[in-house]
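Student: The structure follows.
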Amino acid sequence: MPTIVRVEVGSLTAAQNDMGVCDAIHADAPRIADEKCWLPRPPATGRKPPAVSPARVRKVAGSEPSTPVQADTDAPVPAPAAPSGATTTTTASTATTSLPVASVASTTPPVAPIPVPPAPNLGAGTMPPRGTPDRSLAVQDRLAAWVCDLSLLHELTERLARTAELDDALHEVLRAGATLVGARRGLIALDPADGFGPGTSVGLGLGRSELGSLETVPLGAGSAERVLRDLMHGPGPTTRYREVAAQLGLAASFAVPLVAESAGPGHAAGPHPAALGHPSGGRLGTAVWFYDEPAEPADRQHRLVTLYLRFAVEHVARCLALGRARAAARALTEELLPARLPRVPGLRMAVRHTTGPRGGGDWYDALPLPEGALGLSVGGVTGAGPGAVAAMGRLRASLRAYAVMEGEDPVAVLSDLELLMRLAEPTRSATALFAYVTALQGGGHKLVMAGAGHCPPLVVGDRRCEYLETSLSAPLNMLSCWEAPCAELVLRPGESVLLYTDGLLHRTGEPADRALARLHSAAQAAPRSVRADPEVLADHVLRTLFPDGRDRAEHVEDLVLLAVRFGD
């Protein structure tokens, strides 16, 4: 009595649904999703299975394209009664090779099919008669092909899901699409229909000059796919397209519009999604893959790339929204800070500012004051995000007003700012440093400064490199009665002062005392030619502290470094 193995295609569908790519099952076999196929298998007799040719092994493993077969539509054969107490097992295996086993609990809810391009009609009679060994092998081949396709889609979508930046996501979509359609080169032209950008092009296997040449060619065809089997002699391409194709050695192309279906957060009610950074659905651009010989995607390749792009376009839209939100936060922070530093006789200034990914509350300022004086300030508000950026803008604007009225007394300026925070920003605290700079008659400059829990400034010159202690007081809005000492310093011609925020120290990843020692060593090691230019001095300090470029990388902390050199 031969052993009966029961294969439920519906269970396989549910199992592949866990991988997120069950669409291929509905595309290839929409009519046999619930059919039970009974596949005879020889009983276990201890004898070795018959030898199978290498060509047969390659065909079942998926390394060699198999002959297409039509979905089984015959009436199911009645199944023999299972012995009492027997357990039904759902498996998918071949006669000669071990294939992945897909099994799921019987309580798995059914999955609603997603509309996909229908599988090609191969005609009736392509399946061998039921009950023959050839039919069993044909069904197993079909299941093996499905498993291979679904495994490939699963691997490609996982790789795409690991990308977080828009540029990385676009490159991954190009590589995966080239794998699915069998192309070697490709291009994605990103041009969101909402008009908020960014408009950019990303190439695969194309140099900058080649990418620039293709940008002059209309590659897409509106909202529909466009297959040009022969770019040299076939219909469709423009004269310019043929010239570029001949120049780059392109023989055929397959263009697909990238259309996002999701409307994004806030679309049903509230502000427009574009205001929140989301592209709000619609066309994002066009993806084109190029062949080196006249060709076009086969039906299977077309179906797989369609399923992949359905997920990939939504991921690209999310990366686009995230990039827009970050760009908006950076733009807001930059607009709240000085667009350029003022020109003051006898002084040269340079600043380096890096904002965290969520936007931070660190600021800097250089404000010309009456009677030729200059006010310098750096500080930071606790927290991150839009709220911290807005609070930073309010405090910086208030400090400017207090500096104009009583800038010659830095303690009074910070006292007024602390009172304002206690009344208007009771849930926030901040560190700040304010310096009042005036020129001396005999040469040099005088600095009168006060700090509220802020990092001490560093004086750098030929004869000294030392910190000026200004952090003896608490941060603003931390104590019910705030007080701070006032420090005075005379700077000789040729000396410089470095003002910075605590983000510079935190980005080193070391304790504050060691970070301060590293900053002191970096400034002290600067040669005289470097100290003569504040721009070069600021770059030297950052390169010495962060040889790995961490000062420009994304970090939770903002970074501010203000270098001021006093003229010879």
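Order determines the names: the first chain of the structure tokens is A, the second B, and so forth; residues in each chain are numbered 1 upward, and ligands are numbered 1 upward as they are shown.
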Please identify every residue of range 301-411 of chain A that has at least one atom no farther than 6 Å from an atom of range 557-568 of chain A, counting only C-alpha atoms, and for each give the shortest atom pair and the distance in Å to one decimal, arranged by chain then increasing number, as CSV.
Tutor:
residue,atom,partner,partner_atom,distance
A:Gly346,CA,A:Gly567,CA,4.8
A:Leu347,CA,A:Phe566,CA,4.9
A:Arg348,CA,A:Arg565,CA,5.2
A:Met349,CA,A:Val564,CA,4.5
A:Ala350,CA,A:Ala563,CA,5.3
A:Val351,CA,A:Leu562,CA,4.4
A:Arg352,CA,A:Leu561,CA,5.1
A:His353,CA,A:Val560,CA,4.6
A:Thr354,CA,A:Leu559,CA,5.0
A:Thr355,CA,A:Asp558,CA,4.7
A:Gly356,CA,A:Asp558,CA,5.1
A:Gly360,CA,A:Asp558,CA,5.8
Student: Using only C-alpha atoms, tabulate the residues of range 416-450 of chain A lying at most 12 Å from any atom of range 499-513 of chain A, each with its closest atom pair and that distance in Å to one decimal, by chain and increasing residue number, as a Markdown table.
Tutor:
| residue | atom | partner | partner_atom | distance |
| --- | --- | --- | --- | --- |
| A:Ala430 | CA | A:Thr501 | CA | 11.3 |
| A:Thr431 | CA | A:Thr501 | CA | 8.8 |
| A:Ala432 | CA | A:Thr501 | CA | 8.9 |
| A:Leu433 | CA | A:Leu499 | CA | 8.7 |
| A:Phe434 | CA | A:Leu499 | CA | 10.0 |
| A:Ala435 | CA | A:Leu499 | CA | 10.1 |
| A:Met449 | CA | A:Leu499 | CA | 11.6 |
Student: For His445 in chain A, list every protein, DNA or RNA residue within 10 Å, evaluated using only C-alpha atoms, and leave out those in the same chain fewer than 3 positions away; present the list as a PDB file with N, CA and C atoms, in the first residue's frame.
Tutor:
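The resulting file, result35.pdb, is reproduced below:
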ATOM      1  N   GLY A 346      39.641  94.608  13.574  1.00  0.00           N
ATOM      2  CA  GLY A 346      40.554  94.019  14.553  1.00  0.00           C
ATOM      3  C   GLY A 346      40.186  92.621  14.989  1.00  0.00           C
ATOM      4  N   LEU A 347      39.100  92.068  14.477  1.00  0.00           N
ATOM      5  CA  LEU A 347      38.668  90.727  14.880  1.00  0.00           C
ATOM      6  C   LEU A 347      38.392  89.879  13.635  1.00  0.00           C
ATOM      7  N   VAL A 437      33.056  92.397  24.582  1.00  0.00           N
ATOM      8  CA  VAL A 437      34.404  92.632  24.061  1.00  0.00           C
ATOM      9  C   VAL A 437      34.536  94.103  23.692  1.00  0.00           C
ATOM     10  N   THR A 438      35.626  94.744  24.196  1.00  0.00           N
ATOM     11  CA  THR A 438      35.935  96.133  23.844  1.00  0.00           C
ATOM     12  C   THR A 438      37.412  96.238  23.519  1.00  0.00           C
ATOM     13  N   ALA A 439      37.775  97.172  22.652  1.00  0.00           N
ATOM     14  CA  ALA A 439      39.171  97.395  22.268  1.00  0.00           C
ATOM     15  C   ALA A 439      39.840  98.318  23.268  1.00  0.00           C
ATOM     16  N   LEU A 440      41.107  98.059  23.556  1.00  0.00           N
ATOM     17  CA  LEU A 440      41.900  98.880  24.475  1.00  0.00           C
ATOM     18  C   LEU A 440      42.698  99.917  23.693  1.00  0.00           C
ATOM     19  N   GLN A 441      43.024 100.987  24.360  1.00  0.00           N
ATOM     20  CA  GLN A 441      43.731 102.070  23.705  1.00  0.00           C
ATOM     21  C   GLN A 441      45.131 101.656  23.273  1.00  0.00           C
ATOM     22  N   GLY A 442      45.862 100.976  24.119  1.00  0.00           N
ATOM     23  CA  GLY A 442      47.239 100.609  23.808  1.00  0.00           C
ATOM     24  C   GLY A 442      47.379  99.357  22.986  1.00  0.00           C
ATOM     25  N   LEU A 489      39.307  89.454  31.287  1.00  0.00           N
ATOM     26  CA  LEU A 489      40.491  88.919  30.630  1.00  0.00           C
ATOM     27  C   LEU A 489      40.974  89.905  29.577  1.00  0.00           C
ATOM     28  N   VAL A 490      42.291  90.152  29.550  1.00  0.00           N
ATOM     29  CA  VAL A 490      42.907  90.994  28.521  1.00  0.00           C
ATOM     30  C   VAL A 490      43.600  90.075  27.525  1.00  0.00           C
ATOM     31  N   LEU A 491      43.214  90.190  26.260  1.00  0.00           N
ATOM     32  CA  LEU A 491      43.768  89.357  25.201  1.00  0.00           C
ATOM     33  C   LEU A 491      44.794  90.150  24.402  1.00  0.00           C
ATOM     34  N   ARG A 492      45.970  89.576  24.272  1.00  0.00           N
ATOM     35  CA  ARG A 492      47.041  90.213  23.519  1.00  0.00           C
ATOM     36  C   ARG A 492      46.792  90.049  22.021  1.00  0.00           C
ATOM     37  N   PRO A 493      47.358  90.897  21.208  1.00  0.00           N
ATOM     38  CA  PRO A 493      47.222  90.719  19.758  1.00  0.00           C
ATOM     39  C   PRO A 493      47.793  89.372  19.319  1.00  0.00           C
ATOM     40  N   GLU A 495      46.233  86.483  19.851  1.00  0.00           N
ATOM     41  CA  GLU A 495      45.626  85.398  20.610  1.00  0.00           C
ATOM     42  C   GLU A 495      44.203  85.122  20.113  1.00  0.00           C
ATOM     43  N   PHE A 566      42.015  87.777  17.710  1.00  0.00           N
ATOM     44  CA  PHE A 566      42.197  89.208  17.930  1.00  0.00           C
ATOM     45  C   PHE A 566      43.439  89.666  17.189  1.00  0.00           C
ATOM     46  N   GLY A 567      43.282  90.736  16.393  1.00  0.00           N
ATOM     47  CA  GLY A 567      44.294  91.152  15.435  1.00  0.00           C
ATOM     48  C   GLY A 567      45.599  91.557  16.072  1.00  0.00           C
TER      49      GLY A 567
END
Student: What is the CA of Val227 in chain A to CA of Pro297 in chain A distance in Å?
Tutor: 8.5 Å
Student: Using only C-alpha atoms, pick whichever of A:Gly236, A:Pro338, A:Pro345, A:Gly285 has the shortest atom-to-atom distance to Tyr364 in chain A.
Tutor: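 Nearest candidate to Tyr364 in chain A out of A:Gly236, A:Pro338, A:Pro345, A:Gly285: A:Pro338.
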Student: Ranking A:Val530, A:Val259, A:Ala193, A:Leu231 by minimum distance to Val460 in chain A and counting only C-alpha atoms, which one comes first?
Tutor: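 Checking each candidate against Val460 in chain A, we get A:Val530 as the closest.
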Student: Just list as JSON, numbers by chain whatever in range 136-326 of chain A DSSP marks as strand (DSSP E).
Tutor: {"A": [185, 186, 187, 188, 189, 190, 200, 201, 202, 203, 204, 226, 227, 228, 252, 253, 254, 255, 256, 257, 258, 259, 260, 282, 283, 284, 285, 286, 287, 288, 289, 290, 291]}
Student: With distances taken over only C-alpha atoms, which of A:Thr163, A:Asn477, A:Thr286, A:Ser136 is nearest to Ser201 in chain A?
Tutor: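 Under the stated criterion, the closest residue is A:Thr286.
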Student: Go through A:Gln524, A:Ser429, A:Gln247, A:Ser253 one by one, measure the shortest atom-to-atom distance of each to Asp230 in chain A using only C-alpha atoms, and give the residue with the smallest value.
Tutor: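 The closest residue to Asp230 in chain A is A:Ser253.
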Student: So which one's closest to Gly195 in chain A, A:Gly453, A:Gly282, A:Pro133, A:Gly249? Using only C-alpha atoms, please.
Tutor: A:Gly282
